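Raw structure_33.tsv, TSV, C-alpha atoms:
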```tsv
chain	number	residue	atom	x	y	z
A	228	MET	CA	-74.89	-81.18	67.91
A	229	THR	CA	-73.55	-78.11	69.75
A	230	GLU	CA	-71.63	-75.31	68.08
A	231	ALA	CA	-68.54	-76.23	70.10
A	232	ARG	CA	-68.82	-79.81	68.84
A	233	LYS	CA	-69.00	-78.61	65.25
A	234	ARG	CA	-65.82	-76.54	65.69
A	235	ARG	CA	-63.94	-79.63	66.81
A	236	ARG	CA	-64.43	-81.31	63.41
A	237	ARG	CA	-61.10	-81.16	61.61
A	238	ASP	CA	-62.66	-80.88	58.14
A	239	GLN	CA	-64.98	-77.97	58.94
A	240	ARG	CA	-64.04	-74.33	59.28
A	241	ASP	CA	-65.10	-72.20	62.21
A	242	ALA	CA	-67.79	-69.85	60.91
A	243	ASN	CA	-66.53	-67.09	63.21
A	244	PRO	CA	-62.84	-67.65	63.90
A	245	PRO	CA	-61.05	-65.36	66.36
A	246	PRO	CA	-59.15	-62.48	64.75
A	247	MET	CA	-55.58	-63.09	63.67
A	248	GLN	CA	-52.69	-60.85	62.72
A	249	LEU	CA	-50.67	-62.22	59.81
A	250	THR	CA	-46.97	-62.55	60.57
A	251	ASP	CA	-43.99	-62.91	58.27
A	252	ARG	CA	-43.86	-66.58	59.25
A	253	ASP	CA	-47.52	-67.00	58.27
A	254	LYS	CA	-46.73	-65.58	54.84
A	255	ALA	CA	-43.73	-67.88	54.50
A	256	ILE	CA	-45.90	-70.89	55.41
A	257	VAL	CA	-48.49	-70.00	52.78
A	258	GLU	CA	-45.73	-69.57	50.19
A	259	ALA	CA	-44.20	-72.94	51.13
A	260	VAL	CA	-47.55	-74.73	50.85
A	261	TYR	CA	-47.97	-73.24	47.38
A	262	GLN	CA	-44.46	-74.22	46.27
A	263	TYR	CA	-44.62	-77.74	47.73
A	264	ARG	CA	-48.25	-78.16	46.57
A	265	VAL	CA	-49.23	-80.10	49.73
A	266	LEU	CA	-47.62	-80.37	53.16
A	267	ARG	CA	-48.40	-82.43	56.23
A	268	GLN	CA	-48.53	-80.68	59.57
A	269	ASP	CA	-45.25	-82.33	60.66
A	270	GLN	CA	-43.51	-81.11	57.50
A	271	VAL	CA	-44.62	-77.52	58.18
A	272	GLN	CA	-43.47	-77.96	61.76
A	273	ALA	CA	-40.01	-79.11	60.65
A	274	LEU	CA	-39.63	-76.10	58.34
A	275	PHE	CA	-41.00	-73.35	60.57
A	276	PHE	CA	-41.63	-74.35	64.20
A	277	GLY	CA	-39.92	-75.72	67.24
A	278	SER	CA	-42.96	-77.42	68.72
A	279	GLN	CA	-45.97	-79.37	67.52
A	280	ALA	CA	-48.39	-77.27	69.57
A	281	ALA	CA	-47.20	-74.01	67.98
A	282	ALA	CA	-47.43	-75.44	64.47
A	283	GLN	CA	-50.88	-76.88	65.08
A	284	ARG	CA	-52.20	-73.63	66.53
A	285	ARG	CA	-50.91	-71.41	63.73
A	286	LEU	CA	-51.98	-73.75	60.94
A	287	ALA	CA	-55.45	-73.87	62.45
A	288	HIS	CA	-55.64	-70.07	62.24
A	289	LEU	CA	-54.55	-70.11	58.60
A	290	TYR	CA	-57.12	-72.80	57.82
A	291	HIS	CA	-60.07	-71.25	59.61
A	292	HIS	CA	-59.34	-67.86	57.99
A	293	GLY	CA	-59.28	-69.40	54.49
A	294	PHE	CA	-55.60	-69.07	53.63
A	295	LEU	CA	-55.09	-72.83	53.55
A	296	GLU	CA	-57.30	-75.83	52.81
A	297	ARG	CA	-57.28	-79.09	54.72
A	298	GLN	CA	-57.35	-82.59	53.27
A	299	PHE	CA	-56.81	-86.04	54.75
A	300	LEU	CA	-55.28	-89.30	53.60
A	301	LEU	CA	-57.40	-92.43	53.56
A	302	VAL	CA	-56.03	-94.42	56.50
A	303	LYS	CA	-57.31	-97.20	58.73
A	304	GLY	CA	-59.49	-95.67	61.40
A	305	GLY	CA	-60.72	-92.82	59.22
A	306	MET	CA	-60.04	-89.10	59.15
A	307	MET	CA	-59.33	-88.80	62.87
A	308	ASN	CA	-56.24	-91.02	62.45
A	309	SER	CA	-54.88	-89.14	59.44
A	310	GLN	CA	-52.37	-86.34	59.72
A	311	ILE	CA	-53.81	-83.08	58.45
A	312	LEU	CA	-52.65	-82.07	54.98
A	313	TYR	CA	-52.53	-78.43	53.95
A	314	LEU	CA	-53.01	-77.00	50.46
A	315	LEU	CA	-53.37	-73.44	49.21
A	316	ASP	CA	-56.79	-71.79	49.40
A	317	ARG	CA	-58.29	-68.64	47.92
A	318	ARG	CA	-57.13	-66.12	50.54
A	319	GLY	CA	-53.67	-67.66	50.41
A	320	GLU	CA	-53.49	-67.06	46.67
A	321	GLU	CA	-54.66	-63.48	47.16
A	322	LEU	CA	-51.98	-62.98	49.82
A	323	LEU	CA	-49.22	-64.26	47.55
A	324	ARG	CA	-50.35	-62.04	44.71
A	325	ALA	CA	-50.54	-59.02	47.01
A	326	GLU	CA	-47.05	-59.67	48.36
A	327	GLY	CA	-45.72	-59.81	44.79
A	328	GLU	CA	-42.61	-61.84	45.68
A	329	LEU	CA	-43.46	-64.79	43.41
A	330	ASP	CA	-43.56	-64.53	39.64
A	331	ASP	CA	-46.53	-65.85	37.70
A	332	ILE	CA	-48.55	-67.54	40.44
A	333	GLN	CA	-50.54	-70.35	38.85
A	334	TRP	CA	-53.27	-71.74	41.07
A	335	LYS	CA	-56.97	-72.46	40.83
A	336	ARG	CA	-59.27	-74.17	43.28
A	337	SER	CA	-59.58	-77.24	41.08
A	338	ASP	CA	-55.83	-77.84	41.62
A	339	ASN	CA	-56.79	-79.12	45.07
A	340	GLN	CA	-59.00	-81.86	43.62
A	341	VAL	CA	-56.35	-84.56	43.70
A	342	GLY	CA	-56.46	-88.26	44.51
A	343	GLN	CA	-54.79	-90.31	47.21
A	344	GLU	CA	-52.08	-91.61	44.87
A	345	PHE	CA	-51.03	-88.06	44.00
A	346	LEU	CA	-51.05	-87.01	47.65
A	347	GLU	CA	-48.97	-89.97	48.82
A	348	HIS	CA	-46.42	-89.56	46.03
A	349	THR	CA	-46.11	-85.79	46.48
A	350	LEU	CA	-45.80	-86.07	50.26
A	351	ALA	CA	-42.97	-88.60	49.87
A	352	ILE	CA	-41.16	-86.24	47.51
A	353	ASN	CA	-41.71	-83.45	50.00
A	354	ASP	CA	-40.27	-85.54	52.83
A	355	PHE	CA	-37.04	-85.66	50.83
A	356	ARG	CA	-37.28	-81.99	49.87
A	357	VAL	CA	-37.76	-80.92	53.50
A	358	ASN	CA	-34.72	-82.98	54.50
A	359	VAL	CA	-32.58	-81.31	51.82
A	360	THR	CA	-33.87	-77.86	52.77
A	361	LEU	CA	-33.09	-78.35	56.46
A	362	ALA	CA	-29.70	-79.88	55.66
A	363	CYS	CA	-28.79	-76.80	53.62
A	364	ARG	CA	-29.68	-74.59	56.57
A	365	GLN	CA	-27.52	-76.65	58.91
A	366	LEU	CA	-24.52	-76.83	56.58
A	367	GLY	CA	-24.69	-73.31	55.15
A	368	TYR	CA	-25.38	-74.55	51.62
A	369	GLU	CA	-27.76	-72.75	49.25
A	370	LEU	CA	-30.70	-74.56	47.68
A	371	LEU	CA	-30.70	-72.61	44.43
A	372	ASN	CA	-33.96	-73.92	43.00
A	373	TRP	CA	-36.42	-76.80	43.09
A	374	HIS	CA	-38.61	-77.61	40.11
A	375	PRO	CA	-41.36	-80.19	40.78
A	376	GLU	CA	-42.71	-82.64	38.21
A	377	SER	CA	-45.79	-80.49	37.54
A	378	GLN	CA	-43.55	-77.64	36.41
A	379	LEU	CA	-41.20	-79.86	34.42
A	380	LYS	CA	-44.13	-81.41	32.56
A	381	GLN	CA	-45.09	-78.02	31.11
A	382	ASP	CA	-42.03	-78.00	28.84
A	383	TYR	CA	-39.90	-81.12	28.62
A	384	ASP	CA	-37.42	-82.73	26.25
A	385	ARG	CA	-37.56	-86.12	24.56
A	386	VAL	CA	-34.69	-88.31	23.48
A	387	THR	CA	-34.53	-91.06	20.88
A	388	VAL	CA	-33.09	-94.37	22.05
A	389	ARG	CA	-32.30	-97.32	19.80
A	390	ASN	CA	-32.26	-100.94	20.92
A	391	PRO	CA	-29.63	-103.48	19.70
A	392	ARG	CA	-31.90	-104.38	16.78
A	393	GLY	CA	-31.94	-100.79	15.60
A	394	ARG	CA	-35.51	-100.02	16.60
A	395	SER	CA	-35.97	-96.55	18.02
A	396	ARG	CA	-38.32	-95.15	20.62
A	397	GLU	CA	-38.82	-91.75	22.15
A	398	ILE	CA	-38.45	-91.32	25.90
A	399	PRO	CA	-39.72	-88.19	27.68
A	400	ILE	CA	-37.37	-86.68	30.27
A	401	VAL	CA	-39.61	-85.85	33.22
A	402	PRO	CA	-38.03	-86.55	36.62
A	403	ASP	CA	-40.06	-86.18	39.80
A	404	SER	CA	-37.99	-83.09	40.61
A	405	TYR	CA	-34.94	-81.14	39.52
A	406	PHE	CA	-32.89	-79.11	41.98
A	407	ALA	CA	-29.48	-77.48	42.32
A	408	LEU	CA	-27.24	-76.80	45.31
A	409	GLN	CA	-24.41	-74.34	45.88
A	410	THR	CA	-21.83	-75.92	48.20
A	411	PRO	CA	-18.17	-75.21	49.05
A	412	ARG	CA	-17.36	-77.68	46.26
A	413	GLY	CA	-19.34	-75.65	43.72
A	414	ARG	CA	-22.71	-75.98	42.09
A	415	THR	CA	-24.29	-79.41	41.73
A	416	HIS	CA	-27.40	-80.44	39.83
A	417	PHE	CA	-29.78	-83.32	40.53
A	418	PHE	CA	-32.73	-85.17	39.06
A	419	LEU	CA	-34.90	-86.95	41.63
A	420	GLU	CA	-36.86	-90.15	41.10
A	421	LEU	CA	-39.04	-90.97	44.12
A	422	ASP	CA	-39.96	-94.63	43.77
A	423	ARG	CA	-42.89	-96.01	45.76
A	424	GLY	CA	-42.75	-99.46	44.14
A	425	LYS	CA	-45.51	-98.73	41.61
A	426	MET	CA	-43.33	-98.59	38.49
A	427	THR	CA	-42.34	-101.73	36.57
A	428	THR	CA	-38.63	-102.41	36.31
A	429	LYS	CA	-38.96	-102.21	32.51
A	430	ARG	CA	-40.30	-98.69	32.72
A	431	PHE	CA	-37.57	-97.75	35.18
A	432	GLN	CA	-34.96	-99.15	32.78
A	433	ASN	CA	-36.43	-96.95	30.04
A	434	LYS	CA	-35.99	-93.94	32.30
A	435	ILE	CA	-32.34	-94.80	32.91
A	436	GLU	CA	-31.70	-95.26	29.20
A	437	GLY	CA	-33.41	-91.94	28.59
A	438	TYR	CA	-31.24	-90.13	31.12
A	439	LEU	CA	-28.09	-91.66	29.63
A	440	ALA	CA	-29.04	-90.53	26.13
A	441	TYR	CA	-30.14	-87.13	27.41
A	442	TYR	CA	-26.71	-86.48	28.86
A	443	GLN	CA	-24.66	-88.09	26.11
A	444	THR	CA	-26.36	-86.14	23.31
A	445	GLY	CA	-25.71	-82.81	25.05
A	446	ALA	CA	-29.42	-82.04	25.37
A	447	TYR	CA	-29.16	-81.90	29.17
A	448	GLN	CA	-26.28	-79.41	29.08
A	449	GLU	CA	-28.17	-77.26	26.59
A	450	ARG	CA	-31.35	-77.20	28.70
A	451	TYR	CA	-29.80	-76.72	32.14
A	452	GLY	CA	-26.58	-74.91	31.31
A	453	ALA	CA	-24.51	-77.37	33.31
A	454	ARG	CA	-22.35	-80.44	32.88
A	455	SER	CA	-22.64	-81.86	36.39
A	456	LEU	CA	-25.60	-84.17	37.01
A	457	ARG	CA	-26.59	-86.87	39.42
A	458	VAL	CA	-29.81	-88.84	39.21
A	459	LEU	CA	-31.05	-89.67	42.71
A	460	THR	CA	-33.41	-92.60	43.10
A	461	VAL	CA	-35.06	-92.66	46.52
A	462	ALA	CA	-37.01	-95.83	47.32
A	463	LEU	CA	-39.15	-96.88	50.26
A	464	GLY	CA	-37.28	-100.10	51.06
A	465	GLU	CA	-33.83	-101.66	50.78
A	466	LYS	CA	-34.90	-104.65	48.66
A	467	ARG	CA	-36.57	-102.42	46.08
A	468	LEU	CA	-33.54	-100.12	46.15
A	469	GLU	CA	-31.16	-102.98	45.37
A	470	ASN	CA	-33.41	-104.10	42.52
A	471	LEU	CA	-33.48	-100.63	40.95
A	472	LYS	CA	-29.72	-100.27	41.37
A	473	SER	CA	-29.22	-103.59	39.56
A	474	VAL	CA	-31.57	-102.52	36.73
A	475	THR	CA	-29.62	-99.28	36.39
A	476	GLU	CA	-26.30	-101.11	36.17
A	477	GLN	CA	-27.66	-103.52	33.56
A	478	ALA	CA	-28.79	-100.52	31.50
A	479	GLY	CA	-25.26	-99.08	31.58
A	480	GLY	CA	-25.77	-96.56	34.36
A	481	LYS	CA	-22.81	-95.91	36.63
A	482	THR	CA	-21.21	-93.11	38.58
A	483	TRP	CA	-23.94	-90.48	38.43
A	484	PHE	CA	-26.85	-92.71	39.46
A	485	TRP	CA	-27.23	-92.63	43.25
A	486	PHE	CA	-29.65	-94.54	45.50
A	487	GLY	CA	-31.08	-93.99	48.99
A	488	VAL	CA	-33.90	-95.27	51.22
A	489	LEU	CA	-36.32	-92.51	52.21
A	490	SER	CA	-36.78	-93.62	55.83
A	491	GLN	CA	-33.00	-93.62	56.33
A	492	LEU	CA	-32.50	-90.06	55.08
A	493	THR	CA	-32.58	-87.18	57.57
A	494	PRO	CA	-31.54	-83.52	57.57
A	495	GLU	CA	-28.41	-84.61	59.46
A	496	ASN	CA	-27.22	-87.16	56.87
A	497	VAL	CA	-28.93	-86.61	53.52
A	498	LEU	CA	-26.15	-84.42	52.11
A	499	SER	CA	-23.08	-84.93	54.26
A	500	ALA	CA	-23.02	-88.54	55.53
A	501	PRO	CA	-22.19	-91.80	53.69
A	502	VAL	CA	-25.74	-93.06	53.19
A	503	TRP	CA	-25.91	-93.24	49.39
A	504	LEU	CA	-25.21	-96.21	47.13
A	505	VAL	CA	-23.79	-95.54	43.67
A	506	ALA	CA	-24.36	-97.62	40.55
A	507	GLY	CA	-21.33	-99.74	39.80
A	508	ASP	CA	-20.04	-99.50	43.39
A	509	ARG	CA	-20.79	-101.29	46.67
A	510	SER	CA	-19.53	-98.60	49.04
A	511	VAL	CA	-21.74	-95.91	50.59
A	512	LEU	CA	-20.87	-92.27	49.98
A	513	PRO	CA	-22.00	-88.78	51.02
A	514	LEU	CA	-23.85	-86.77	48.40
A	515	VAL	CA	-21.52	-83.81	49.01
A	516	GLU	CA	-17.93	-84.68	49.89
A	517	PRO	CA	-16.54	-82.52	52.72
A	518	LEU	CA	-13.60	-80.26	51.91
```
structure tokens encoding of this file:
Amino acid sequence: MTEARKRRRRDQRDANPPPMQLTDRDKAIVEAVYQYRVLRQDQVQALFFGSQAAAQRRLAHLYHHGFLERQFLLVKGGMMNSQILYLLDRRGEELLRAEGELDDIQWKRSDNQVGQEFLEHTLAINDFRVNVTLACRQLGYELLNWHPESQLKQDYDRVTVRNPRGRSREIPIVPDSYFALQTPRGRTHFFLELDRGKMTTKRFQNKIEGYLAYYQTGAYQERYGARSLRVLTVALGEKRLENLKSVTEQAGGKTWFWFGVLSQLTPENVLSAPVWLVAGDRSVLPLVEPL
């Protein structure tokens, strides 16, 4: 096999890559990959580039120079048919530490040893997160923060819920993400549940009951310093979405439980267009009402 042939393998670094000069955009890409944990090439393109060719070229430089690692989803046809996934690598961590703009960087190489289920779930969450990020840019809103599940799991609350027979059980409050927006209507806070159809409806009902108790007991307000809250459930299909909405309503969930289909959400509509269903209602509403 020739040296040129070896360089064409997408899972193998060039032993002698051409020199590169790090740009501010390169640094921002490395930071985003760290914060999102894993990004597909098209997600990086949406956040930072106007063309696929430019994104592909720059990401290749960051990979071959050791700032980012590549992984691939298991898809029919093998690695060549999978979009490239990018995760942080050693030189990327060193760059972030040297820049000093992030507090308490927590990364080790073993963090990249993740399975397909984790990758698929995280990429779906990141599809939604990218849409929200781009929507904020377009509308002039501020995405104040975004805390992923891995961060929320480090320190989370539990609530006690009692069934009609008086039996109690503890429910951990660990959404897939928590984020807050600053809009012309003020500050709004959200929990995100990204449903890929793997969770039983019973477990989902437990989550809803947990969120209700979390808010009603005041524990949510104490933890997040806010009264406003909406729990967003984003599903992969309409039938599953309707099922989860029905489960939520049966559990007593209403006005602050919202539902959307991932494939129908875009930067143009995710915040400002009537694409969301609300528990206890049949109409579709925008997440942020225009002034």
At most 6 Å is the cut-off: for each residue in segment 397-447 of chain A with any atom that close to an atom of segment 365-385 of chain A, write down the nearest atom pair and the distance in Å rounded to one decimal, counting all atoms listed in the file, chain first then increasing number, as JSON lines.
```
{"residue": "A:Ile398", "atom": "CA", "partner": "A:Arg385", "partner_atom": "CA", "distance": 5.4}
{"residue": "A:Pro399", "atom": "CA", "partner": "A:Arg385", "partner_atom": "CA", "distance": 4.3}
{"residue": "A:Ile400", "atom": "CA", "partner": "A:Asp384", "partner_atom": "CA", "distance": 5.6}
{"residue": "A:Asp403", "atom": "CA", "partner": "A:Glu376", "partner_atom": "CA", "distance": 4.7}
{"residue": "A:Ser404", "atom": "CA", "partner": "A:Pro375", "partner_atom": "CA", "distance": 4.4}
{"residue": "A:Tyr405", "atom": "CA", "partner": "A:His374", "partner_atom": "CA", "distance": 5.1}
{"residue": "A:Phe406", "atom": "CA", "partner": "A:Trp373", "partner_atom": "CA", "distance": 4.4}
{"residue": "A:Ala407", "atom": "CA", "partner": "A:Leu371", "partner_atom": "CA", "distance": 5.4}
{"residue": "A:Leu408", "atom": "CA", "partner": "A:Leu370", "partner_atom": "CA", "distance": 4.8}
{"residue": "A:Gln409", "atom": "CA", "partner": "A:Glu369", "partner_atom": "CA", "distance": 5.0}
{"residue": "A:Thr410", "atom": "CA", "partner": "A:Tyr368", "partner_atom": "CA", "distance": 5.1}
```
One-decimal distance in Å that lies between atom CA of Phe418 of chain A and atom CA of Gln491 of chain A: 19.2 Å
Neighbours of segment 292-300 of chain A within 6 Å (all atoms listed in the file; same-chain residues fewer than 3 positions away dropped), as a list in words? Leu289, Ser309, Ile311, Leu312, Tyr313, Leu314, Leu315, Asp316, Arg318 and Gly319 of chain A
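Nearest to Gly437 of chain A of all the residues A:Ala362, A:Leu421, A:Ala478, A:Leu514 is A:Ala478, based on all atoms listed in the file.
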What are the centre and edge lengths in Å, to one decimal, of the axis-aligned box around all listed atoms of segment 449-462 of chain A with 8 Å added on each side, as AutoDock Vina command-line options?
```
--center_x -29.7 --center_y -85.4 --center_z 37.0 --size_x 30.7 --size_y 36.9 --size_z 36.7
```
Which polymer residues have any atom within 10 Å of an atom of Ala255 of chain A, counting all atoms listed in the file, with same-chain residues fewer than 6 positions away left out, as a PyMOL selection string? chain A and resi 261+274-275+323
